file work-v7.pdb (PDB, C-alpha atoms)
MODEL        1
ATOM      1  CA  MET A  16      91.591 113.380 114.729  1.00  0.00           C
ATOM      2  CA  GLU A  17      92.095 109.720 115.640  1.00  0.00           C
ATOM      3  CA  ILE A  18      91.480 107.003 113.104  1.00  0.00           C
ATOM      4  CA  SER A  19      88.086 105.443 113.659  1.00  0.00           C
ATOM      5  CA  LYS A  20      88.316 101.905 114.959  1.00  0.00           C
ATOM      6  CA  GLU A  21      87.270 100.299 111.688  1.00  0.00           C
ATOM      7  CA  TYR A  22      90.288 101.836 109.929  1.00  0.00           C
ATOM      8  CA  LYS A  23      92.908 100.600 112.362  1.00  0.00           C
ATOM      9  CA  LEU A  24      94.917  97.762 110.929  1.00  0.00           C
ATOM     10  CA  ILE A  25      94.813  95.799 114.179  1.00  0.00           C
ATOM     11  CA  TYR A  26      91.000  95.905 114.123  1.00  0.00           C
ATOM     12  CA  SER A  27      89.944  96.088 110.487  1.00  0.00           C
ATOM     13  CA  GLY A  28      89.707  92.913 108.445  1.00  0.00           C
ATOM     14  CA  GLU A  29      89.056  94.979 105.310  1.00  0.00           C
ATOM     15  CA  ILE A  30      92.222  97.036 105.663  1.00  0.00           C
ATOM     16  CA  TYR A  31      94.214  93.936 106.580  1.00  0.00           C
ATOM     17  CA  ASP A  32      93.114  92.334 103.308  1.00  0.00           C
ATOM     18  CA  ALA A  33      93.782  95.496 101.319  1.00  0.00           C
ATOM     19  CA  ILE A  34      97.460  95.602 102.326  1.00  0.00           C
ATOM     20  CA  ASN A  35      98.159  91.863 102.566  1.00  0.00           C
ATOM     21  CA  GLN A  36      97.498  90.378  99.143  1.00  0.00           C
ATOM     22  CA  PHE A  37     100.661  88.262  98.951  1.00  0.00           C
ATOM     23  CA  THR A  38     100.725  84.453  98.711  1.00  0.00           C
ATOM     24  CA  PHE A  39     104.473  83.742  98.739  1.00  0.00           C
ATOM     25  CA  ASP A  40     104.176  81.704 101.956  1.00  0.00           C
ATOM     26  CA  LEU A  41     101.175  79.632 100.829  1.00  0.00           C
ATOM     27  CA  ASP A  42     103.048  76.840  99.039  1.00  0.00           C
ATOM     28  CA  PHE A  43     105.355  76.373 102.028  1.00  0.00           C
ATOM     29  CA  TYR A  44     102.501  75.967 104.509  1.00  0.00           C
ATOM     30  CA  ARG A  45     100.478  73.849 102.087  1.00  0.00           C
ATOM     31  CA  LYS A  46     103.416  71.441 101.706  1.00  0.00           C
ATOM     32  CA  TRP A  47     104.145  71.111 105.425  1.00  0.00           C
ATOM     33  CA  CYS A  48     100.495  70.954 106.467  1.00  0.00           C
ATOM     34  CA  GLY A  49     100.226  67.845 104.327  1.00  0.00           C
ATOM     35  CA  MET A  50     103.080  66.161 106.194  1.00  0.00           C
ATOM     36  CA  ARG A  51     100.985  64.859 109.090  1.00  0.00           C
ATOM     37  CA  LYS A  52      97.592  63.240 109.446  1.00  0.00           C
ATOM     38  CA  GLY A  53      94.880  64.772 111.548  1.00  0.00           C
ATOM     39  CA  PRO A  54      93.432  68.253 111.937  1.00  0.00           C
ATOM     40  CA  ILE A  55      95.435  71.451 111.513  1.00  0.00           C
ATOM     41  CA  LEU A  56      95.276  74.610 113.606  1.00  0.00           C
ATOM     42  CA  GLU A  57      96.316  78.003 112.278  1.00  0.00           C
ATOM     43  CA  VAL A  58      96.953  80.363 115.197  1.00  0.00           C
ATOM     44  CA  CYS A  59      96.543  84.075 114.366  1.00  0.00           C
ATOM     45  CA  SER A  60      94.633  83.193 111.209  1.00  0.00           C
ATOM     46  CA  GLY A  61      93.507  86.776 110.513  1.00  0.00           C
ATOM     47  CA  THR A  62      90.987  87.021 107.685  1.00  0.00           C
ATOM     48  CA  GLY A  63      91.738  83.525 106.406  1.00  0.00           C
ATOM     49  CA  ARG A  64      94.418  84.519 103.897  1.00  0.00           C
ATOM     50  CA  LEU A  65      96.030  81.080 104.342  1.00  0.00           C
ATOM     51  CA  THR A  66      93.230  79.174 106.052  1.00  0.00           C
ATOM     52  CA  ILE A  67      90.804  79.430 103.148  1.00  0.00           C
ATOM     53  CA  PRO A  68      93.125  78.238 100.349  1.00  0.00           C
ATOM     54  CA  LEU A  69      94.426  75.441 102.593  1.00  0.00           C
ATOM     55  CA  LYS A  70      90.849  74.321 103.223  1.00  0.00           C
ATOM     56  CA  LYS A  71      90.159  74.467  99.477  1.00  0.00           C
ATOM     57  CA  ALA A  72      93.216  72.238  99.000  1.00  0.00           C
ATOM     58  CA  GLY A  73      91.398  69.565 101.002  1.00  0.00           C
ATOM     59  CA  LEU A  74      93.055  70.056 104.393  1.00  0.00           C
ATOM     60  CA  ASP A  75      91.151  69.719 107.672  1.00  0.00           C
ATOM     61  CA  ILE A  76      92.015  73.132 109.093  1.00  0.00           C
ATOM     62  CA  THR A  77      90.639  75.444 111.795  1.00  0.00           C
ATOM     63  CA  GLY A  78      91.547  79.113 112.268  1.00  0.00           C
ATOM     64  CA  LEU A  79      92.052  80.864 115.614  1.00  0.00           C
ATOM     65  CA  ASP A  80      92.295  84.631 116.062  1.00  0.00           C
ATOM     66  CA  LEU A  81      91.699  87.248 118.738  1.00  0.00           C
ATOM     67  CA  SER A  82      90.263  90.030 116.557  1.00  0.00           C
ATOM     68  CA  ASP A  83      86.492  90.096 116.085  1.00  0.00           C
ATOM     69  CA  SER A  84      86.868  92.087 112.861  1.00  0.00           C
ATOM     70  CA  MET A  85      89.324  89.579 111.419  1.00  0.00           C
ATOM     71  CA  LEU A  86      87.084  86.668 112.396  1.00  0.00           C
ATOM     72  CA  GLU A  87      84.009  88.337 110.913  1.00  0.00           C
ATOM     73  CA  MET A  88      85.819  88.901 107.610  1.00  0.00           C
ATOM     74  CA  ALA A  89      87.228  85.356 107.565  1.00  0.00           C
ATOM     75  CA  ARG A  90      83.823  83.780 108.183  1.00  0.00           C
ATOM     76  CA  ALA A  91      82.212  85.918 105.484  1.00  0.00           C
ATOM     77  CA  LYS A  92      84.887  84.961 102.960  1.00  0.00           C
ATOM     78  CA  ALA A  93      84.582  81.258 103.815  1.00  0.00           C
ATOM     79  CA  SER A  94      80.792  81.450 103.506  1.00  0.00           C
ATOM     80  CA  ALA A  95      81.085  83.119 100.102  1.00  0.00           C
ATOM     81  CA  GLU A  96      83.196  80.144  98.999  1.00  0.00           C
ATOM     82  CA  ASN A  97      80.645  77.682 100.479  1.00  0.00           C
ATOM     83  CA  LEU A  98      83.342  76.254 102.739  1.00  0.00           C
ATOM     84  CA  ASP A  99      82.585  74.407 105.964  1.00  0.00           C
ATOM     85  CA  LEU A 100      85.378  76.148 107.798  1.00  0.00           C
ATOM     86  CA  THR A 101      85.576  76.956 111.512  1.00  0.00           C
ATOM     87  CA  PHE A 102      87.145  80.142 112.839  1.00  0.00           C
ATOM     88  CA  LEU A 103      87.463  80.348 116.620  1.00  0.00           C
ATOM     89  CA  LYS A 104      88.148  83.323 118.842  1.00  0.00           C
ATOM     90  CA  GLY A 105      91.161  82.823 121.064  1.00  0.00           C
ATOM     91  CA  ASP A 106      94.410  84.273 122.363  1.00  0.00           C
ATOM     92  CA  MET A 107      97.587  82.478 121.283  1.00  0.00           C
ATOM     93  CA  ARG A 108      98.868  82.777 124.861  1.00  0.00           C
ATOM     94  CA  SER A 109      95.942  81.031 126.510  1.00  0.00           C
ATOM     95  CA  PHE A 110      93.737  79.111 124.069  1.00  0.00           C
ATOM     96  CA  ALA A 111      92.179  75.876 125.341  1.00  0.00           C
ATOM     97  CA  LEU A 112      90.591  73.588 122.756  1.00  0.00           C
ATOM     98  CA  ASP A 113      89.311  70.024 122.928  1.00  0.00           C
ATOM     99  CA  ASN A 114      91.267  68.764 119.907  1.00  0.00           C
ATOM    100  CA  LYS A 115      94.866  67.704 119.358  1.00  0.00           C
ATOM    101  CA  TYR A 116      96.393  68.744 116.051  1.00  0.00           C
ATOM    102  CA  GLY A 117      98.866  67.112 113.696  1.00  0.00           C
ATOM    103  CA  ILE A 118     100.058  70.562 112.587  1.00  0.00           C
ATOM    104  CA  ILE A 119      99.918  73.874 114.435  1.00  0.00           C
ATOM    105  CA  PHE A 120     101.354  76.942 112.753  1.00  0.00           C
ATOM    106  CA  ILE A 121     101.673  80.655 113.531  1.00  0.00           C
ATOM    107  CA  PRO A 122     102.344  82.495 110.243  1.00  0.00           C
ATOM    108  CA  PHE A 123     103.169  86.005 109.062  1.00  0.00           C
ATOM    109  CA  ASN A 124     105.386  87.165 111.949  1.00  0.00           C
ATOM    110  CA  SER A 125     102.444  86.930 114.351  1.00  0.00           C
ATOM    111  CA  LEU A 126     104.629  85.718 117.219  1.00  0.00           C
ATOM    112  CA  GLN A 127     106.193  89.181 117.120  1.00  0.00           C
ATOM    113  CA  ASP A 128     102.915  90.663 118.371  1.00  0.00           C
ATOM    114  CA  ILE A 129     103.815  89.550 121.897  1.00  0.00           C
ATOM    115  CA  SER A 130     106.878  90.838 123.690  1.00  0.00           C
ATOM    116  CA  ALA A 131     107.156  89.559 127.275  1.00  0.00           C
ATOM    117  CA  VAL A 132     109.098  86.336 127.722  1.00  0.00           C
ATOM    118  CA  ASP A 133     106.281  84.968 129.912  1.00  0.00           C
ATOM    119  CA  ASP A 134     103.814  85.520 127.054  1.00  0.00           C
ATOM    120  CA  VAL A 135     106.066  83.786 124.552  1.00  0.00           C
ATOM    121  CA  GLU A 136     106.465  80.817 126.879  1.00  0.00           C
ATOM    122  CA  SER A 137     102.709  80.696 127.515  1.00  0.00           C
ATOM    123  CA  THR A 138     102.177  80.545 123.753  1.00  0.00           C
ATOM    124  CA  LEU A 139     104.681  77.721 123.354  1.00  0.00           C
ATOM    125  CA  ARG A 140     103.068  75.794 126.218  1.00  0.00           C
ATOM    126  CA  CYS A 141      99.625  76.177 124.597  1.00  0.00           C
ATOM    127  CA  VAL A 142     100.966  74.925 121.291  1.00  0.00           C
ATOM    128  CA  LYS A 143     102.719  71.942 122.845  1.00  0.00           C
ATOM    129  CA  LYS A 144      99.627  71.022 124.861  1.00  0.00           C
ATOM    130  CA  HIS A 145      97.531  70.914 121.668  1.00  0.00           C
ATOM    131  CA  LEU A 146      99.976  68.979 119.485  1.00  0.00           C
ATOM    132  CA  ALA A 147      99.105  65.378 118.697  1.00  0.00           C
ATOM    133  CA  PRO A 148     101.880  62.776 119.148  1.00  0.00           C
ATOM    134  CA  GLY A 149     104.319  63.218 116.293  1.00  0.00           C
ATOM    135  CA  GLY A 150     102.809  66.591 115.409  1.00  0.00           C
ATOM    136  CA  LEU A 151     104.678  69.543 113.936  1.00  0.00           C
ATOM    137  CA  PHE A 152     104.807  73.181 115.010  1.00  0.00           C
ATOM    138  CA  LEU A 153     105.709  75.753 112.355  1.00  0.00           C
ATOM    139  CA  PHE A 154     106.131  79.509 112.536  1.00  0.00           C
ATOM    140  CA  ASP A 155     107.909  82.358 110.802  1.00  0.00           C
ATOM    141  CA  VAL A 156     109.316  85.656 112.075  1.00  0.00           C
ATOM    142  CA  PHE A 157     111.660  88.279 110.714  1.00  0.00           C
ATOM    143  CA  ASN A 158     115.388  87.927 111.187  1.00  0.00           C
ATOM    144  CA  PRO A 159     116.115  91.279 112.877  1.00  0.00           C
ATOM    145  CA  SER A 160     118.214  93.735 110.883  1.00  0.00           C
ATOM    146  CA  ILE A 161     119.670  96.507 113.020  1.00  0.00           C
ATOM    147  CA  HIS A 162     120.835  98.270 109.838  1.00  0.00           C
ATOM    148  CA  LEU A 163     117.322  98.297 108.383  1.00  0.00           C
ATOM    149  CA  MET A 164     115.753  99.529 111.633  1.00  0.00           C
ATOM    150  CA  VAL A 165     118.288 102.367 111.895  1.00  0.00           C
ATOM    151  CA  GLU A 166     117.604 103.322 108.277  1.00  0.00           C
ATOM    152  CA  ARG A 167     113.839 103.403 108.857  1.00  0.00           C
ATOM    153  CA  GLU A 168     114.310 105.485 112.010  1.00  0.00           C
ATOM    154  CA  ARG A 169     115.857 108.338 110.027  1.00  0.00           C
ATOM    155  CA  GLU A 170     112.796 109.217 107.956  1.00  0.00           C
ATOM    156  CA  SER A 171     109.319 107.992 107.136  1.00  0.00           C
ATOM    157  CA  THR A 172     108.659 106.055 103.946  1.00  0.00           C
ATOM    158  CA  GLU A 173     105.416 105.246 102.154  1.00  0.00           C
ATOM    159  CA  ALA A 174     104.270 101.793 103.255  1.00  0.00           C
ATOM    160  CA  PHE A 175     100.780 101.468 101.734  1.00  0.00           C
ATOM    161  CA  ASN A 176      98.544 103.307  99.293  1.00  0.00           C
ATOM    162  CA  PHE A 177      95.095 101.861  98.624  1.00  0.00           C
ATOM    163  CA  THR A 178      91.361 102.507  98.330  1.00  0.00           C
ATOM    164  CA  THR A 179      88.805 100.865 100.641  1.00  0.00           C
ATOM    165  CA  SER A 180      85.641  99.197  99.350  1.00  0.00           C
ATOM    166  CA  ASP A 181      83.639 102.321 100.211  1.00  0.00           C
ATOM    167  CA  GLY A 182      85.949 104.490  98.090  1.00  0.00           C
ATOM    168  CA  LYS A 183      88.176 106.091 100.727  1.00  0.00           C
ATOM    169  CA  ARG A 184      91.769 106.660  99.640  1.00  0.00           C
ATOM    170  CA  ILE A 185      94.280 105.750 102.369  1.00  0.00           C
ATOM    171  CA  VAL A 186      98.004 106.470 102.293  1.00  0.00           C
ATOM    172  CA  VAL A 187     100.197 105.153 105.098  1.00  0.00           C
ATOM    173  CA  ARG A 188     103.749 106.290 105.786  1.00  0.00           C
ATOM    174  CA  GLU A 189     105.954 104.360 108.192  1.00  0.00           C
ATOM    175  CA  LYS A 190     108.688 105.307 110.625  1.00  0.00           C
ATOM    176  CA  CYS A 191     110.373 103.001 113.142  1.00  0.00           C
ATOM    177  CA  ARG A 192     112.282 103.292 116.377  1.00  0.00           C
ATOM    178  CA  TYR A 193     114.104 100.389 117.985  1.00  0.00           C
ATOM    179  CA  HIS A 194     113.979 100.017 121.780  1.00  0.00           C
ATOM    180  CA  ALA A 195     116.970  97.905 122.796  1.00  0.00           C
ATOM    181  CA  SER A 196     115.845  97.287 126.384  1.00  0.00           C
ATOM    182  CA  THR A 197     112.730  95.420 125.242  1.00  0.00           C
ATOM    183  CA  GLN A 198     114.003  94.270 121.809  1.00  0.00           C
ATOM    184  CA  THR A 199     110.955  95.956 120.332  1.00  0.00           C
ATOM    185  CA  ASN A 200     110.751  97.823 117.050  1.00  0.00           C
ATOM    186  CA  LYS A 201     108.109 100.513 117.584  1.00  0.00           C
ATOM    187  CA  VAL A 202     106.404 101.121 114.272  1.00  0.00           C
ATOM    188  CA  ARG A 203     104.547 104.386 113.777  1.00  0.00           C
ATOM    189  CA  TRP A 204     102.109 104.600 110.875  1.00  0.00           C
ATOM    190  CA  TYR A 205     101.053 108.043 109.657  1.00  0.00           C
ATOM    191  CA  PHE A 206      97.627 107.767 108.046  1.00  0.00           C
ATOM    192  CA  ASP A 207      96.269 110.138 105.449  1.00  0.00           C
ATOM    193  CA  ILE A 208      92.587 109.338 104.878  1.00  0.00           C
ATOM    194  CA  GLU A 209      91.420 111.671 102.130  1.00  0.00           C
ATOM    195  CA  GLY A 210      93.443 114.539 103.581  1.00  0.00           C
ATOM    196  CA  VAL A 211      92.688 113.777 107.256  1.00  0.00           C
ATOM    197  CA  GLU A 212      95.871 112.754 109.073  1.00  0.00           C
ATOM    198  CA  SER A 213      96.346 110.586 112.139  1.00  0.00           C
ATOM    199  CA  VAL A 214      98.911 108.277 113.740  1.00  0.00           C
ATOM    200  CA  GLU A 215      98.842 104.677 114.948  1.00  0.00           C
ATOM    201  CA  GLU A 216     101.716 102.941 116.751  1.00  0.00           C
ATOM    202  CA  PHE A 217     102.390  99.296 117.475  1.00  0.00           C
ATOM    203  CA  GLY A 218     105.356  97.203 118.503  1.00  0.00           C
ATOM    204  CA  MET A 219     107.049  94.248 116.852  1.00  0.00           C
ATOM    205  CA  ARG A 220     109.189  92.151 119.175  1.00  0.00           C
ATOM    206  CA  CYS A 221     112.544  91.250 117.649  1.00  0.00           C
ATOM    207  CA  TYR A 222     113.563  87.637 118.196  1.00  0.00           C
ATOM    208  CA  TYR A 223     117.233  86.985 117.608  1.00  0.00           C
ATOM    209  CA  PRO A 224     118.199  83.601 116.153  1.00  0.00           C
ATOM    210  CA  LEU A 225     119.978  82.041 119.119  1.00  0.00           C
ATOM    211  CA  GLU A 226     117.377  83.449 121.524  1.00  0.00           C
ATOM    212  CA  LEU A 227     114.592  81.650 119.673  1.00  0.00           C
ATOM    213  CA  GLU A 228     116.443  78.347 119.688  1.00  0.00           C
ATOM    214  CA  VAL A 229     116.958  78.619 123.458  1.00  0.00           C
ATOM    215  CA  LEU A 230     113.279  79.501 124.027  1.00  0.00           C
ATOM    216  CA  LEU A 231     112.143  76.527 121.959  1.00  0.00           C
ATOM    217  CA  LYS A 232     114.501  74.098 123.693  1.00  0.00           C
ATOM    218  CA  HIS A 233     113.608  75.407 127.160  1.00  0.00           C
ATOM    219  CA  ASN A 234     109.895  74.960 126.397  1.00  0.00           C
ATOM    220  CA  GLY A 235     110.121  71.403 125.154  1.00  0.00           C
ATOM    221  CA  PHE A 236     110.577  71.706 121.381  1.00  0.00           C
ATOM    222  CA  ARG A 237     113.122  70.219 119.037  1.00  0.00           C
ATOM    223  CA  VAL A 238     114.059  72.227 115.937  1.00  0.00           C
ATOM    224  CA  LEU A 239     113.853  69.885 112.947  1.00  0.00           C
ATOM    225  CA  HIS A 240     114.467  72.506 110.259  1.00  0.00           C
ATOM    226  CA  LYS A 241     115.318  76.182 110.189  1.00  0.00           C
ATOM    227  CA  PHE A 242     114.974  77.992 106.888  1.00  0.00           C
ATOM    228  CA  GLY A 243     115.868  81.491 105.776  1.00  0.00           C
ATOM    229  CA  SER A 244     113.137  81.745 103.136  1.00  0.00           C
ATOM    230  CA  PHE A 245     109.890  80.086 102.090  1.00  0.00           C
ATOM    231  CA  ASP A 246     111.869  78.401  99.296  1.00  0.00           C
ATOM    232  CA  GLU A 247     113.536  76.472 102.141  1.00  0.00           C
ATOM    233  CA  GLU A 248     116.945  78.023 101.655  1.00  0.00           C
ATOM    234  CA  PRO A 249     119.220  77.311 104.650  1.00  0.00           C
ATOM    235  CA  PHE A 250     119.149  80.005 107.311  1.00  0.00           C
ATOM    236  CA  GLY A 251     122.200  82.210 107.057  1.00  0.00           C
ATOM    237  CA  GLU A 252     123.787  85.595 107.569  1.00  0.00           C
ATOM    238  CA  GLU A 253     121.714  87.355 104.907  1.00  0.00           C
ATOM    239  CA  SER A 254     118.383  85.649 105.636  1.00  0.00           C
ATOM    240  CA  LYS A 255     115.463  88.026 106.040  1.00  0.00           C
ATOM    241  CA  LYS A 256     113.268  85.376 107.676  1.00  0.00           C
ATOM    242  CA  GLN A 257     113.509  82.750 110.390  1.00  0.00           C
ATOM    243  CA  ILE A 258     111.208  79.858 109.531  1.00  0.00           C
ATOM    244  CA  PHE A 259     111.007  76.969 111.990  1.00  0.00           C
ATOM    245  CA  VAL A 260     109.703  73.435 111.729  1.00  0.00           C
ATOM    246  CA  CYS A 261     109.620  71.886 115.206  1.00  0.00           C
ATOM    247  CA  SER A 262     108.385  68.834 117.069  1.00  0.00           C
ATOM    248  CA  ALA A 263     107.758  68.225 120.749  1.00  0.00           C
ATOM    249  CA  ALA A 264     110.968  67.036 122.407  1.00  0.00           C
ATOM    250  CA  ASP A 265     109.201  64.422 124.517  1.00  0.00           C
TER     251      ASP A 265
ENDMDL
END
call {"tool": "encode", "arguments": {"input": "work-v7.pdb", "output": "structure tokens"}}
result
Amino acid sequence: MEISKEYKLIYSGEIYDAINQFTFDLDFYRKWCGMRKGPILEVCSGTGRLTIPLKKAGLDITGLDLSDSMLEMARAKASAENLDLTFLKGDMRSFALDNKYGIIFIPFNSLQDISAVDDVESTLRCVKKHLAPGGLFLFDVFNPSIHLMVERERESTEAFNFTTSDGKRIVVREKCRYHASTQTNKVRWYFDIEGVESVEEFGMRCYYPLELEVLLKHNGFRVLHKFGSFDEEPFGEESKKQIFVCSAAD
């Protein structure tokens, strides 16, 4: 039995919210989004996990996402908060908006959803095209750990265990396999929905530190800061994250 579409993480805003309740990146983005005047664009805004609290903090922010389910959930949540908040449908590789933005950010490893170099460069071109003069581009991705990927390839581990709003108990186990030729970590999730089992697979592109710096430079960005955590610790050998603050180079 395949998981019905509404229970797939990549489609379901409800399940996305159920397994992503963290806020450890919020203060970082709130601080940096206040660094420039003008509107802010969150690319891959999902269900508004960051967009909504940033709007409530008084920031002029718009969300952009490709998933209809995510957008539907985000709009419903914003409406429940009586927020005048716009969520647009768009692909990070090809969005075309009328505005220029003082801040554009792509949070929560979302850049790792695309793998081809052409797609990454298309995304960077879109961002640069929409940045206002003096604007900032921020994003975060994992710092790849070969040791961790090898460990998770050996056996599956429980990743999530939760109950949906309609009372269905869902347990998800995770197993990974790294594909060196494409630098992609293939993640396989084994779903148990009240005793009914199924499998969903997706890929996370691994971006190595020097590779990202070359891609940014080649596509017209200057790296202003690179952090290894949302506490703004310097990026180093043991950093689990790569967090960039960039400006247009010209």
call {"tool": "closest_atom_pairs", "arguments": {"input": "work-v7.pdb", "of": "segment 174-240 of chain A", "to": "segment 150-167 of chain A", "cutoff": "8 Å", "atoms": "only C-alpha atoms", "output": "tab-separated table"}}
result
residue	atom	partner	partner_atom	distance
A:Glu189	CA	A:Arg167	CA	8.0
A:Lys190	CA	A:Arg167	CA	5.8
A:Cys191	CA	A:Arg167	CA	5.5
A:Arg192	CA	A:Met164	CA	7.0
A:Tyr193	CA	A:Met164	CA	6.6
A:Asn200	CA	A:Met164	CA	7.6
A:Cys221	CA	A:Pro159	CA	6.0
A:Tyr222	CA	A:Pro159	CA	6.9
A:Tyr223	CA	A:Pro159	CA	6.5
A:Pro224	CA	A:Asn158	CA	7.2
call {"tool": "atom_distance", "arguments": {"input": "work-v7.pdb", "atom1": "atom CA of Ser196 of chain A", "atom2": "atom CA of Leu230 of chain A"}}
result
18.1 Å
call {"tool": "residues_around", "arguments": {"input": "work-v7.pdb", "residues": "Ala111 of chain A", "least_positions_apart": "5", "cutoff": "12 Å", "atoms": "only C-alpha atoms", "output": "ChimeraX atom specification"}}
result
/A:79,103-106,137-138,140-146
call {"tool": "closest_residue", "arguments": {"input": "work-v7.pdb", "among": "A:Asn35, A:Arg51, A:Leu86, A:Leu98", "to": "Pro68 of chain A", "atoms": "only C-alpha atoms"}}
result
A:Leu98
call {"tool": "atom_distance", "arguments": {"input": "work-v7.pdb", "atom1": "atom CA of Gln198 of chain A", "atom2": "atom CA of Asp133 of chain A"}}
result
14.6 Å
call {"tool": "resolve_selection", "arguments": {"input": "work-v7.pdb", "expression": "the PyMOL selection byres ((chain A and resi 43) around 12)", "output": "ChimeraX atom specification"}}
result
/A:38-42,44-50,65,69,120,122,153-155,242,244-248,258-260
call {"tool": "closest_residue", "arguments": {"input": "work-v7.pdb", "among": "A:Val214, A:Ala131, A:Leu139, A:Leu126", "to": "Ser109 of chain A", "atoms": "all atoms listed in the file"}}
result
A:Leu139
call {"tool": "atom_distance", "arguments": {"input": "work-v7.pdb", "atom1": "atom CA of Asp181 of chain A", "atom2": "atom CA of Phe102 of chain A"}}
result
25.8 Å
call {"tool": "resolve_selection", "arguments": {"input": "work-v7.pdb", "expression": "the PyMOL selection byres ((chain A and resi 208) around 7)", "output": "number ranges by chain"}}
result
A: 183-186, 206-207, 209-212
call {"tool": "decode", "arguments": {"input": "work-v7.pdb", "residues": "segment 106-112 of chain A", "atoms": "all heavy atoms", "output": "short mmCIF file (atom, residue, chain, number, x, y, z; two decimals), in the first residue's frame"}}
result
data_model
loop_
_atom_site.label_atom_id
_atom_site.label_comp_id
_atom_site.auth_asym_id
_atom_site.auth_seq_id
_atom_site.Cartn_x
_atom_site.Cartn_y
_atom_site.Cartn_z
N ASP A 106 8.62 28.43 -7.84
CA ASP A 106 9.75 27.52 -7.81
C ASP A 106 11.02 28.33 -7.56
O ASP A 106 11.25 29.34 -8.23
CB ASP A 106 9.84 26.81 -9.17
CG ASP A 106 10.83 25.66 -9.19
OD1 ASP A 106 11.94 25.81 -8.63
OD2 ASP A 106 10.52 24.62 -9.80
N MET A 107 11.84 27.92 -6.60
CA MET A 107 13.03 28.71 -6.30
C MET A 107 13.98 28.83 -7.49
O MET A 107 14.79 29.75 -7.56
CB MET A 107 13.78 28.13 -5.09
CG MET A 107 14.34 26.75 -5.25
SD MET A 107 15.30 26.27 -3.75
CE MET A 107 14.96 24.52 -3.67
N ARG A 108 13.86 27.92 -8.46
CA ARG A 108 14.74 27.97 -9.62
C ARG A 108 14.28 28.94 -10.69
O ARG A 108 15.07 29.30 -11.58
CB ARG A 108 14.83 26.57 -10.25
CG ARG A 108 15.39 25.51 -9.33
CD ARG A 108 15.14 24.12 -9.86
NE ARG A 108 13.71 23.81 -9.89
CZ ARG A 108 13.21 22.64 -10.26
NH1 ARG A 108 14.02 21.66 -10.63
NH2 ARG A 108 11.90 22.44 -10.24
N SER A 109 13.03 29.40 -10.61
CA SER A 109 12.51 30.16 -11.75
C SER A 109 11.48 31.21 -11.37
O SER A 109 10.72 31.66 -12.23
CB SER A 109 11.87 29.19 -12.76
OG SER A 109 10.82 28.44 -12.14
N PHE A 110 11.43 31.64 -10.10
CA PHE A 110 10.40 32.61 -9.73
C PHE A 110 10.69 33.97 -10.37
O PHE A 110 11.85 34.34 -10.61
CB PHE A 110 10.28 32.73 -8.21
CG PHE A 110 11.49 33.24 -7.49
CD1 PHE A 110 11.66 34.60 -7.23
CD2 PHE A 110 12.47 32.36 -7.05
CE1 PHE A 110 12.76 35.07 -6.55
CE2 PHE A 110 13.59 32.82 -6.36
CZ PHE A 110 13.73 34.18 -6.12
N ALA A 111 9.62 34.68 -10.69
CA ALA A 111 9.74 36.01 -11.31
C ALA A 111 8.70 36.92 -10.66
O ALA A 111 7.51 36.81 -10.93
CB ALA A 111 9.52 35.92 -12.81
N LEU A 112 9.16 37.81 -9.80
CA LEU A 112 8.28 38.71 -9.06
C LEU A 112 8.59 40.15 -9.42
O LEU A 112 9.66 40.47 -9.93
CB LEU A 112 8.47 38.50 -7.55
CG LEU A 112 8.33 37.05 -7.04
CD1 LEU A 112 8.62 36.99 -5.56
CD2 LEU A 112 6.95 36.49 -7.36
#
